[in-house]
file final_0.txt (compact mmCIF, C-alpha atoms)
# COMPACT_ATOMS: atom_id res chain seq x y z
CA MET X 1 0.00 0.00 0.00
CA ARG X 2 2.77 2.38 0.98
CA ALA X 3 4.69 1.56 -2.20
CA LEU X 4 1.61 2.25 -4.25
CA LEU X 5 1.18 5.60 -2.57
CA LEU X 6 4.82 6.42 -3.17
CA ALA X 7 4.48 5.53 -6.84
CA PHE X 8 1.44 7.76 -7.10
CA VAL X 9 3.26 10.70 -5.50
CA LEU X 10 6.21 10.19 -7.84
CA MET X 11 3.88 10.14 -10.81
CA LEU X 12 2.30 13.42 -9.74
CA SER X 13 5.63 15.12 -9.24
CA ASN X 14 6.79 13.97 -12.66
CA ALA X 15 3.74 15.13 -14.57
CA PRO X 16 4.77 18.78 -15.09
CA ALA X 17 8.19 17.71 -16.36
CA PHE X 18 6.58 15.61 -19.10
CA ALA X 19 4.33 18.46 -20.14
CA GLN X 20 7.27 20.79 -20.69
CA VAL X 21 9.31 18.67 -23.05
CA ALA X 22 10.38 20.93 -25.89
CA THR X 23 9.98 19.31 -29.29
CA ASP X 24 10.93 22.15 -31.62
CA ALA X 25 13.37 21.16 -34.32
CA THR X 26 15.43 24.23 -33.46
CA PRO X 27 14.55 25.27 -29.93
CA LEU X 28 14.50 28.98 -29.25
CA SER X 29 17.29 30.23 -27.04
CA PHE X 30 16.74 33.04 -24.61
CA ALA X 31 19.10 35.79 -23.54
CA ASP X 32 18.05 35.52 -19.90
CA THR X 33 15.34 34.12 -17.67
CA ALA X 34 13.38 37.40 -17.64
CA GLU X 35 13.06 37.21 -21.41
CA GLU X 36 12.11 33.55 -21.23
CA LYS X 37 9.45 34.24 -18.60
CA ARG X 38 7.94 37.09 -20.59
CA PHE X 39 7.97 34.98 -23.74
CA HIS X 40 6.20 32.07 -22.09
CA ALA X 41 3.61 34.33 -20.48
CA LEU X 42 2.91 35.94 -23.84
CA VAL X 43 2.67 32.82 -26.01
CA SER X 44 0.43 31.02 -23.54
CA GLU X 45 -2.07 33.87 -24.03
CA LEU X 46 -2.04 33.43 -27.79
CA ARG X 47 -4.01 30.78 -29.58
CA CYS X 48 -2.51 28.59 -32.26
CA VAL X 49 -4.34 29.38 -35.49
CA MET X 50 -3.87 25.92 -36.99
CA CYS X 51 -4.75 23.63 -34.10
CA GLN X 52 -7.40 25.80 -32.61
CA ASN X 53 -7.64 24.23 -29.19
CA GLN X 54 -4.02 24.74 -28.27
CA SER X 55 -2.09 27.80 -27.25
CA LEU X 56 0.85 28.99 -29.26
CA ALA X 57 3.03 27.74 -26.42
CA ASP X 58 1.75 24.15 -26.58
CA SER X 59 1.43 23.61 -30.29
CA ASN X 60 3.93 21.81 -32.48
CA ALA X 61 2.30 22.84 -35.74
CA GLN X 62 4.76 24.40 -38.17
CA ILE X 63 2.93 27.71 -38.14
CA ALA X 64 3.07 27.81 -34.33
CA VAL X 65 6.84 27.28 -34.43
CA ASP X 66 7.13 30.15 -36.94
CA LEU X 67 4.87 32.41 -34.91
CA ARG X 68 6.79 31.72 -31.71
CA ARG X 69 9.99 32.72 -33.48
CA GLU X 70 8.26 35.87 -34.77
CA VAL X 71 7.03 36.75 -31.27
CA LEU X 72 10.54 36.40 -29.86
CA GLU X 73 11.95 38.56 -32.68
CA LEU X 74 9.36 41.26 -32.03
CA MET X 75 10.20 41.16 -28.32
CA ARG X 76 13.87 41.69 -29.15
CA LYS X 77 12.95 44.62 -31.37
CA GLY X 78 11.60 46.24 -28.22
CA LYS X 79 7.87 45.83 -28.93
CA THR X 80 5.53 45.77 -25.96
CA ASP X 81 3.22 42.82 -25.30
CA ALA X 82 0.27 44.90 -26.53
CA GLU X 83 2.08 45.77 -29.75
CA ILE X 84 2.91 42.11 -30.38
CA LYS X 85 -0.72 41.12 -29.83
CA ASP X 86 -1.86 43.88 -32.19
CA PHE X 87 0.63 42.61 -34.77
CA LEU X 88 -0.94 39.15 -34.66
CA VAL X 89 -4.53 40.39 -34.49
CA ALA X 90 -3.94 42.54 -37.59
CA ARG X 91 -2.89 39.42 -39.51
CA TYR X 92 -4.89 36.56 -38.01
CA GLY X 93 -7.83 38.33 -36.39
CA GLU X 94 -9.14 38.54 -32.83
CA PHE X 95 -9.20 34.77 -32.76
CA VAL X 96 -5.56 34.58 -31.68
CA LEU X 97 -6.33 36.19 -28.34
CA TYR X 98 -7.46 33.88 -25.56
CA ARG X 99 -8.72 36.93 -23.73
CA PRO X 100 -10.66 38.98 -26.26
CA GLN X 101 -10.68 42.75 -25.88
CA VAL X 102 -13.61 44.25 -24.01
CA GLU X 103 -15.66 46.07 -26.65
CA SER X 104 -19.32 46.35 -27.59
CA LYS X 105 -19.15 43.12 -29.64
CA THR X 106 -17.74 41.11 -26.76
CA TRP X 107 -19.83 42.49 -23.91
CA LEU X 108 -22.10 39.47 -23.91
CA LEU X 109 -19.06 37.21 -23.83
CA TRP X 110 -17.48 39.05 -20.92
CA PHE X 111 -20.56 39.82 -18.87
CA GLY X 112 -22.84 36.95 -19.96
CA PRO X 113 -21.86 34.74 -17.01
CA ALA X 114 -22.65 37.58 -14.59
CA LEU X 115 -26.03 38.00 -16.30
CA VAL X 116 -26.78 34.29 -15.93
CA LEU X 117 -25.78 34.45 -12.26
CA LEU X 118 -28.05 37.46 -11.77
CA ALA X 119 -30.98 35.71 -13.47
CA GLY X 120 -30.38 32.61 -11.33
CA GLY X 121 -30.24 34.77 -8.21
CA ILE X 122 -33.57 36.39 -9.07
CA VAL X 123 -35.20 32.99 -9.62
CA VAL X 124 -33.83 31.65 -6.31
CA ALA X 125 -34.88 34.79 -4.43
CA GLY X 126 -38.38 34.47 -5.89
CA ALA X 127 -38.60 30.80 -4.92
CA VAL X 128 -37.38 31.47 -1.39
CA ARG X 129 -39.87 34.29 -0.93
CA ARG X 130 -42.71 32.11 -2.21
CA ARG X 131 -41.77 29.21 0.08
CA SER X 132 -41.48 31.43 3.14
CA ARG X 133 -44.95 32.83 2.55
CA PRO X 134 -47.24 30.68 4.73
CA SER X 135 -50.84 29.48 4.59
CA ALA X 136 -53.21 29.70 1.64
CA GLN X 137 -50.48 30.05 -0.97
CA ALA X 138 -48.67 26.95 0.28
CA ALA X 139 -51.92 25.00 0.31
CA ASP X 140 -52.56 26.20 -3.24
CA ASP X 141 -49.18 24.96 -4.33
CA ARG X 142 -49.77 21.58 -2.77
CA ASN X 143 -53.09 21.23 -4.56
CA GLU X 144 -51.46 22.12 -7.85
CA GLU X 145 -48.75 19.57 -7.34
CA GLN X 146 -51.39 16.91 -6.94
CA GLU X 147 -52.83 17.82 -10.29
CA TRP X 148 -49.58 16.85 -11.95
CA MET B 149 -57.67 38.25 -1.70
CA SER B 150 -59.50 36.21 -4.31
CA ASP B 151 -58.11 38.61 -6.92
CA SER B 152 -54.52 38.01 -5.96
CA SER B 153 -54.99 34.26 -5.67
CA SER B 154 -56.43 34.02 -9.18
CA GLY B 155 -53.45 36.08 -10.36
CA ASN B 156 -51.16 33.59 -8.69
CA THR B 157 -52.83 30.64 -10.38
CA ALA B 158 -52.42 32.31 -13.74
CA ARG B 159 -48.77 32.90 -12.93
CA ASN B 160 -48.32 29.33 -11.80
CA SER B 161 -49.76 27.95 -15.00
CA THR B 162 -47.32 30.03 -17.02
CA MET B 163 -44.51 28.92 -14.69
CA ARG B 164 -45.44 25.38 -15.56
CA TRP B 165 -44.35 25.96 -19.18
CA ILE B 166 -40.95 27.28 -18.23
CA PRO B 167 -39.17 23.88 -18.08
CA LEU B 168 -40.58 22.99 -21.50
CA ALA B 169 -39.43 26.33 -22.88
CA VAL B 170 -35.95 25.79 -21.45
CA VAL B 171 -35.73 22.29 -22.97
CA ALA B 172 -37.00 23.63 -26.30
CA ALA B 173 -34.38 26.40 -26.23
CA LEU B 174 -31.66 23.83 -25.54
CA GLY B 175 -32.99 21.73 -28.40
CA VAL B 176 -32.79 24.69 -30.78
CA LEU B 177 -29.21 25.35 -29.60
CA LEU B 178 -28.25 21.72 -30.17
CA PHE B 179 -29.82 21.71 -33.62
CA ALA B 180 -28.00 24.92 -34.54
CA GLY B 181 -24.76 23.28 -33.39
CA VAL B 182 -25.41 20.22 -35.54
CA LEU B 183 -26.17 22.41 -38.56
CA LEU B 184 -23.03 24.50 -38.04
CA SER B 185 -20.84 21.43 -37.59
CA ARG B 186 -21.94 20.14 -41.00
CA ASN B 187 -19.96 22.92 -42.63
CA PRO B 188 -16.63 21.20 -43.33
CA ASN B 189 -14.90 24.58 -43.39
CA ARG B 190 -16.12 25.66 -39.96
CA ASP B 191 -12.60 26.06 -38.60
CA ALA B 192 -11.60 28.56 -41.28
CA LEU B 193 -10.71 31.89 -39.72
CA PRO B 194 -12.12 35.03 -41.32
CA SER B 195 -9.19 37.09 -42.52
CA PRO B 196 -8.93 40.62 -41.10
CA LEU B 197 -7.03 41.53 -44.27
CA ILE B 198 -10.07 41.53 -46.58
CA GLY B 199 -10.49 45.04 -47.98
CA LYS B 200 -6.96 45.96 -46.89
CA PRO B 201 -3.91 46.39 -49.09
CA ALA B 202 -1.92 43.22 -49.67
CA PRO B 203 1.13 43.15 -47.39
CA ALA B 204 4.39 44.36 -48.88
CA PHE B 205 6.64 41.49 -49.90
CA ARG B 206 9.79 40.82 -51.87
CA LEU B 207 10.05 37.16 -52.74
CA PRO B 208 12.24 34.97 -54.95
CA VAL B 209 10.70 33.30 -58.01
CA LEU B 210 10.87 29.50 -58.02
CA HIS B 211 11.82 29.04 -61.67
CA GLU B 212 14.13 32.03 -62.08
CA ALA B 213 17.11 32.04 -59.74
CA GLY B 214 17.98 35.49 -58.49
CA ARG B 215 14.75 37.21 -59.55
CA LEU B 216 12.78 38.93 -56.79
CA VAL B 217 9.17 40.00 -57.21
CA THR B 218 7.44 42.58 -55.01
CA ASP B 219 3.78 43.30 -54.35
CA LYS B 220 4.08 46.40 -56.54
CA ASP B 221 5.26 44.35 -59.53
CA LEU B 222 1.97 42.46 -59.46
CA ARG B 223 -0.29 45.53 -59.47
CA GLY B 224 -2.24 46.64 -62.52
CA ALA B 225 -4.45 43.57 -62.87
CA PRO B 226 -6.13 41.25 -60.38
CA TYR B 227 -4.38 38.07 -59.38
CA LEU B 228 -5.14 34.92 -57.46
CA LEU B 229 -2.49 33.94 -54.92
CA ASN B 230 -2.58 30.24 -54.15
CA VAL B 231 -0.61 28.98 -51.15
CA TRP B 232 0.76 25.47 -51.61
CA GLY B 233 3.60 23.16 -50.69
CA SER B 234 4.82 19.85 -52.04
CA TRP B 235 4.31 18.47 -48.50
CA CYS B 236 0.60 19.31 -48.53
CA PRO B 237 -1.78 16.47 -49.48
CA ALA B 238 -4.80 18.77 -49.77
CA CYS B 239 -2.89 20.80 -52.38
CA ARG B 240 -2.78 17.69 -54.56
CA ASP B 241 -6.55 17.33 -54.23
CA GLU B 242 -6.93 20.96 -55.22
CA HIS B 243 -4.44 20.79 -58.07
CA PRO B 244 -6.78 19.56 -60.87
CA VAL B 245 -9.44 22.11 -59.87
CA LEU B 246 -6.92 24.93 -59.88
CA THR B 247 -5.42 23.75 -63.18
CA ARG B 248 -8.85 23.73 -64.81
CA PHE B 249 -9.55 27.23 -63.51
CA ALA B 250 -6.12 28.56 -64.55
CA GLU B 251 -6.69 27.25 -68.09
CA THR B 252 -9.75 29.47 -68.45
CA LYS B 253 -7.32 32.45 -68.15
CA ARG B 254 -9.93 34.35 -66.19
CA VAL B 255 -7.31 35.84 -63.88
CA ARG B 256 -3.57 35.49 -63.27
CA VAL B 257 -2.87 32.58 -60.95
CA ILE B 258 0.26 33.08 -58.87
CA GLY B 259 1.67 30.31 -56.69
CA PHE B 260 2.93 30.96 -53.17
CA ASN B 261 5.23 28.06 -52.37
CA TRP B 262 5.28 28.01 -48.58
CA LYS B 263 7.75 26.27 -46.23
CA ASP B 264 9.04 23.97 -48.92
CA GLU B 265 12.28 22.73 -50.44
CA HIS B 266 13.29 24.15 -53.80
CA ALA B 267 13.92 20.74 -55.41
CA ASP B 268 10.73 19.21 -53.96
CA ALA B 269 8.63 22.09 -55.24
CA LEU B 270 10.08 21.83 -58.77
CA ARG B 271 9.57 18.07 -58.80
CA TRP B 272 5.96 18.41 -57.61
CA LEU B 273 5.14 20.85 -60.42
CA GLU B 274 6.86 18.67 -62.98
CA GLN B 275 4.98 15.60 -61.85
CA PHE B 276 1.49 17.10 -61.62
CA GLY B 277 1.77 20.05 -63.99
CA ASN B 278 2.29 23.73 -63.30
CA PRO B 279 -0.94 25.76 -63.25
CA TYR B 280 0.85 28.93 -62.14
CA LEU B 281 1.90 31.92 -64.19
CA MET B 282 4.64 32.45 -61.65
CA VAL B 283 5.56 30.83 -58.35
CA LEU B 284 6.87 32.91 -55.44
CA THR B 285 8.73 31.14 -52.68
CA ASP B 286 8.59 31.78 -48.95
CA TYR B 287 10.69 29.11 -47.31
CA ASP B 288 11.25 30.77 -43.93
CA GLY B 289 7.56 31.63 -43.63
CA LYS B 290 8.06 35.33 -42.81
CA ALA B 291 5.95 36.71 -45.65
CA ALA B 292 3.25 34.14 -44.87
CA ILE B 293 2.80 35.63 -41.40
CA ASP B 294 2.16 39.06 -42.97
CA TRP B 295 -0.54 37.48 -45.14
CA GLY B 296 -2.10 35.75 -42.13
CA ILE B 297 -1.45 32.37 -43.74
CA TYR B 298 -1.74 29.46 -41.33
CA GLY B 299 -2.16 26.43 -43.53
CA ALA B 300 -2.10 25.22 -47.08
CA PRO B 301 -3.91 25.45 -49.35
CA GLU B 302 -5.17 28.98 -48.92
CA THR B 303 -6.19 31.27 -51.74
CA PHE B 304 -6.33 35.07 -51.91
CA LEU B 305 -7.89 37.26 -54.57
CA VAL B 306 -6.11 40.60 -54.96
CA ASP B 307 -7.49 43.32 -57.22
CA ALA B 308 -5.60 45.58 -59.65
CA SER B 309 -4.93 48.20 -56.99
CA GLY B 310 -3.37 45.60 -54.69
CA THR B 311 -6.30 45.26 -52.28
CA ILE B 312 -7.18 41.82 -50.91
CA ARG B 313 -10.79 41.12 -51.93
CA TRP B 314 -11.35 37.51 -50.94
CA LYS B 315 -9.73 34.64 -49.14
CA TYR B 316 -10.51 30.96 -49.08
CA VAL B 317 -9.02 28.54 -46.56
CA GLY B 318 -8.78 24.92 -47.68
CA PRO B 319 -8.77 23.28 -51.11
CA LEU B 320 -10.70 25.12 -53.82
CA THR B 321 -13.52 23.20 -55.41
CA ASP B 322 -15.45 23.83 -58.62
CA GLU B 323 -18.41 24.95 -56.45
CA VAL B 324 -16.34 27.47 -54.52
CA ILE B 325 -14.95 28.86 -57.78
CA LYS B 326 -18.41 29.12 -59.33
CA ASP B 327 -20.26 30.42 -56.28
CA GLU B 328 -17.67 32.66 -54.67
CA LEU B 329 -14.62 33.39 -56.77
CA LEU B 330 -16.24 34.14 -60.13
CA PRO B 331 -18.89 36.51 -58.65
CA LYS B 332 -16.10 38.32 -56.74
CA LEU B 333 -14.11 38.65 -59.96
CA ALA B 334 -17.16 39.99 -61.79
CA GLN B 335 -17.65 42.51 -59.00
CA ILE B 336 -14.01 43.63 -59.25
CA ASP B 337 -14.31 43.96 -63.04
CA ALA B 338 -17.49 46.03 -62.70
CA ARG B 339 -15.84 48.33 -60.20
CA GLY B 340 -12.77 48.64 -62.44
CA ALA B 341 -14.95 49.56 -65.45
CA SER B 342 -16.85 52.24 -63.55
CA LEU B 343 -13.63 53.96 -62.45

call {"tool": "encode", "arguments": {"input": "final_0.txt", "output": "C-alpha cells"}}
result
Amino acid sequence: MRALLLAFVLMLSNAPAFAQVATDATPLSFADTAEEKRFHALVSELRCVMCQNQSLADSNAQIAVDLRREVLELMRKGKTDAEIKDFLVARYGEFVLYRPQVESKTWLLWFGPALVLLAGGIVVAGAVRRRSRPSAQAADDRNEEQEW
Amino acid sequence: MSDSSSGNTARNSTMRWIPLAVVAALGVLLFAGVLLSRNPNRDALPSPLIGKPAPAFRLPVLHEAGRLVTDKDLRGAPYLLNVWGSWCPACRDEHPVLTRFAETKRVRVIGFNWKDEHADALRWLEQFGNPYLMVLTDYDGKAAIDWGIYGAPETFLVDASGTIRWKYVGPLTDEVIKDELLPKLAQIDARGASL
C-alpha cells in the first residue's frame, strides 16, 4: 500500500516535467530568464491558429513554431506585449487572443456569465420568498402539485 | 384576496411551461450546433485583411534564380495567390481544380510556395503540372505571417490596386470557384470599369 502511494506521489511530481518537453526542431534560445518568462507568459495567451484548441506555447504545428519565433523577434525589437498582440490580431484576427478585448461586440461574452448568475439569483430569491410565505399560498401549491 | 390568488394561479400555470421552454431552447441550440458542424470549413478563420492592401513582400521566383518580385510588380491587374507546398496532401486534391480554372485564363494565378524545399517544389510541379503563371517562394515563412497564412492550401484574390478582396481557406472546389470566386471577380471587373 505504501509503495503504491509512493508511486502515485512520484507520478504526480513527474507530470509537469513531461508536459514541458520541448519538441521544436530548433529550440529557441533566450538571452536571460526574464526574457524567457515574458515569452512564455505571452505565447500562452495566444491561440494557435492551426490547431485551434491549443495555445501557441503548446502547439507543435509548423505555423506555431514560426509564430513563436516571430514573437521572440518582435520582443527583441523592443515591442511591448500589446504591440505584439496587435501585430498578430492585424494578420490573423481577434481569434488569436485567448482573452478577447472588451468592446461592444464582446460584452455578452465578458458579462454573460454575470447575467446568468443574476438571473439565477432572481429565480432563487423568488422561490425562497414564495416558500417562506405561509398558509393559503402553500396550500394552493400543494393542490397544484397533486394535479400533476 | 380572491383577486390576488387568481393572479397567482395564472402565474403558476405560465410557470409550468418554463421547463418545457428551457428544454425547447436547448434543443434549438443543439440543432444549430449540428447544422453548423456540418460545414466542413467551420474552422476557417475570417481574414482581417479583406479590404486591406496586400502586405508588402519581396520574394524569390521559383523558376528564375535570383529574380525577386514585389507586391508592386503584381499591381495593374487582379491576381489569385494560391498557397501550396509539395508536402501538402490537400494541395494535390486541389491541383486539378486549380489547373482547370487557370486554363480558363480568367485571372492570373500566382503560386505561393510556402515552407518547402526548392527541389521538392520543382519536382511536384513537374509531376502534376504547373498551373501557375509564376511561383513565389517563402521558405522561412516570414511573408506568410504578414498574409495571415496558417495552412495550405489557402487562396487570396487581390485586385488591380493591390487590395485583398477575398480569401478561401482549404482546397478550392469547382463549387467554390463558381459560387464565390467568379462573382467576386465579376464585382471587381465592374468596379474597375466604372472607375

call {"tool": "interface_residues", "arguments": {"input": "final_0.txt", "of": "chain B", "to": "chain X", "cutoff": "10 Å", "atoms": "only C-alpha atoms", "output": "PyMOL selection string"}}
result
chain B and resi 153+156-157+160-161+191-197+203+263+288-290+292-299

call {"tool": "axis_aligned_box", "arguments": {"input": "final_0.txt", "around": "range 171-185 of chain B", "padding_each_side": "6 Å", "output": "JSON"}}
result
{"center_x": -28.9, "center_y": 23.3, "center_z": -30.8, "size_x": 28.2, "size_y": 18.2, "size_z": 27.6}

call {"tool": "residues_near_point", "arguments": {"input": "final_0.txt", "point": "(-11.1, 30.6, -63.1)", "cutoff": "10 Å", "atoms": "only C-alpha atoms", "output": "PyMOL selection string"}}
result
chain B and resi 228+245-257+322+325-326+329-330+333

call {"tool": "closest_residue", "arguments": {"input": "final_0.txt", "among": "X:Leu118, X:Leu46, X:Gln54, X:Arg130", "to": "Asp86 in chain X", "atoms": "only C-alpha atoms"}}
result
X:Leu46

call {"tool": "atom_distance", "arguments": {"input": "final_0.txt", "atom1": "CA of Gly78 in chain X", "atom2": "CA of Val43 in chain X"}}
result
16.3 Å

call {"tool": "closest_residue", "arguments": {"input": "final_0.txt", "among": "B:Glu302, B:Glu323, B:Asp307, B:Glu328", "to": "Trp232 in chain B", "atoms": "all atoms listed in the file"}}
result
B:Glu302

call {"tool": "atom_distance", "arguments": {"input": "final_0.txt", "atom1": "CA of Asn230 in chain B", "atom2": "CA of Tyr287 in chain B"}}
result
15.0 Å

call {"tool": "closest_residue", "arguments": {"input": "final_0.txt", "among": "B:Arg215, B:Val209, B:Asn278, B:Asp241", "to": "His266 in chain B", "atoms": "all atoms listed in the file"}}
result
B:Val209

call {"tool": "decode", "arguments": {"input": "final_0.txt", "residues": "range 263-293 of chain B", "atoms": "N, CA and C atoms", "output": "CSV table (one decimal), in the first residue's frame"}}
result
chain,number,residue,atom,x,y,z
B,263,LYS,N,7.0,27.2,-47.1
B,263,LYS,CA,7.7,26.3,-46.2
B,263,LYS,C,8.1,25.0,-47.0
B,264,ASP,N,8.8,25.1,-48.1
B,264,ASP,CA,9.0,24.0,-48.9
B,264,ASP,C,10.5,23.9,-49.2
B,265,GLU,N,10.9,22.9,-50.0
B,265,GLU,CA,12.3,22.7,-50.4
B,265,GLU,C,12.2,23.0,-51.9
B,266,HIS,N,13.2,23.7,-52.4
B,266,HIS,CA,13.3,24.1,-53.8
B,266,HIS,C,13.1,22.9,-54.7
B,267,ALA,N,13.9,21.9,-54.5
B,267,ALA,CA,13.9,20.7,-55.4
B,267,ALA,C,12.6,20.0,-55.3
B,268,ASP,N,12.0,19.9,-54.1
B,268,ASP,CA,10.7,19.2,-54.0
B,268,ASP,C,9.6,20.0,-54.7
B,269,ALA,N,9.7,21.3,-54.6
B,269,ALA,CA,8.6,22.1,-55.2
B,269,ALA,C,8.7,21.9,-56.8
B,270,LEU,N,9.9,22.0,-57.3
B,270,LEU,CA,10.1,21.8,-58.8
B,270,LEU,C,9.6,20.5,-59.2
B,271,ARG,N,10.0,19.4,-58.4
B,271,ARG,CA,9.6,18.1,-58.8
B,271,ARG,C,8.0,17.9,-58.8
B,272,TRP,N,7.4,18.5,-57.8
B,272,TRP,CA,6.0,18.4,-57.6
B,272,TRP,C,5.3,19.0,-58.8
B,273,LEU,N,5.8,20.2,-59.3
B,273,LEU,CA,5.1,20.8,-60.4
B,273,LEU,C,5.4,20.1,-61.7
B,274,GLU,N,6.6,19.4,-61.8
B,274,GLU,CA,6.9,18.7,-63.0
B,274,GLU,C,6.0,17.4,-63.1
B,275,GLN,N,5.8,16.8,-61.9
B,275,GLN,CA,5.0,15.6,-61.8
B,275,GLN,C,3.5,15.8,-62.1
B,276,PHE,N,2.9,16.9,-61.5
B,276,PHE,CA,1.5,17.1,-61.6
B,276,PHE,C,1.1,18.2,-62.6
B,277,GLY,N,2.1,18.9,-63.1
B,277,GLY,CA,1.8,20.0,-64.0
B,277,GLY,C,1.8,21.4,-63.3
B,278,ASN,N,2.2,22.4,-63.9
B,278,ASN,CA,2.3,23.7,-63.3
B,278,ASN,C,1.2,24.7,-63.7
B,279,PRO,N,0.2,24.9,-62.9
B,279,PRO,CA,-0.9,25.8,-63.3
B,279,PRO,C,-0.6,27.2,-63.1
B,280,TYR,N,0.6,27.5,-62.5
B,280,TYR,CA,0.8,28.9,-62.1
B,280,TYR,C,1.6,29.7,-63.2
B,281,LEU,N,1.2,31.0,-63.3
B,281,LEU,CA,1.9,31.9,-64.2
B,281,LEU,C,3.3,32.2,-63.6
B,282,MET,N,3.4,32.2,-62.3
B,282,MET,CA,4.6,32.4,-61.7
B,282,MET,C,4.5,31.9,-60.2
B,283,VAL,N,5.6,31.4,-59.7
B,283,VAL,CA,5.6,30.8,-58.3
B,283,VAL,C,6.5,31.6,-57.5
B,284,LEU,N,6.0,32.2,-56.4
B,284,LEU,CA,6.9,32.9,-55.4
B,284,LEU,C,7.2,31.9,-54.3
B,285,THR,N,8.4,32.1,-53.7
B,285,THR,CA,8.7,31.1,-52.7
B,285,THR,C,8.9,31.9,-51.4
B,286,ASP,N,8.4,31.2,-50.3
B,286,ASP,CA,8.6,31.8,-49.0
B,286,ASP,C,9.0,30.6,-48.1
B,287,TYR,N,10.3,30.3,-48.0
B,287,TYR,CA,10.7,29.1,-47.3
B,287,TYR,C,10.9,29.3,-45.8
B,288,ASP,N,11.1,30.6,-45.4
B,288,ASP,CA,11.3,30.8,-43.9
B,288,ASP,C,9.9,31.1,-43.3
B,289,GLY,N,8.9,31.4,-44.2
B,289,GLY,CA,7.6,31.6,-43.6
B,289,GLY,C,7.3,33.0,-43.1
B,290,LYS,N,8.2,34.0,-43.4
B,290,LYS,CA,8.1,35.3,-42.8
B,290,LYS,C,7.0,36.1,-43.5
B,291,ALA,N,7.0,36.0,-44.9
B,291,ALA,CA,5.9,36.7,-45.7
B,291,ALA,C,4.6,36.1,-45.4
B,292,ALA,N,4.5,34.8,-45.1
B,292,ALA,CA,3.3,34.1,-44.9
B,292,ALA,C,2.6,34.7,-43.6
B,293,ILE,N,3.4,35.1,-42.6
B,293,ILE,CA,2.8,35.6,-41.4
B,293,ILE,C,2.1,37.0,-41.7
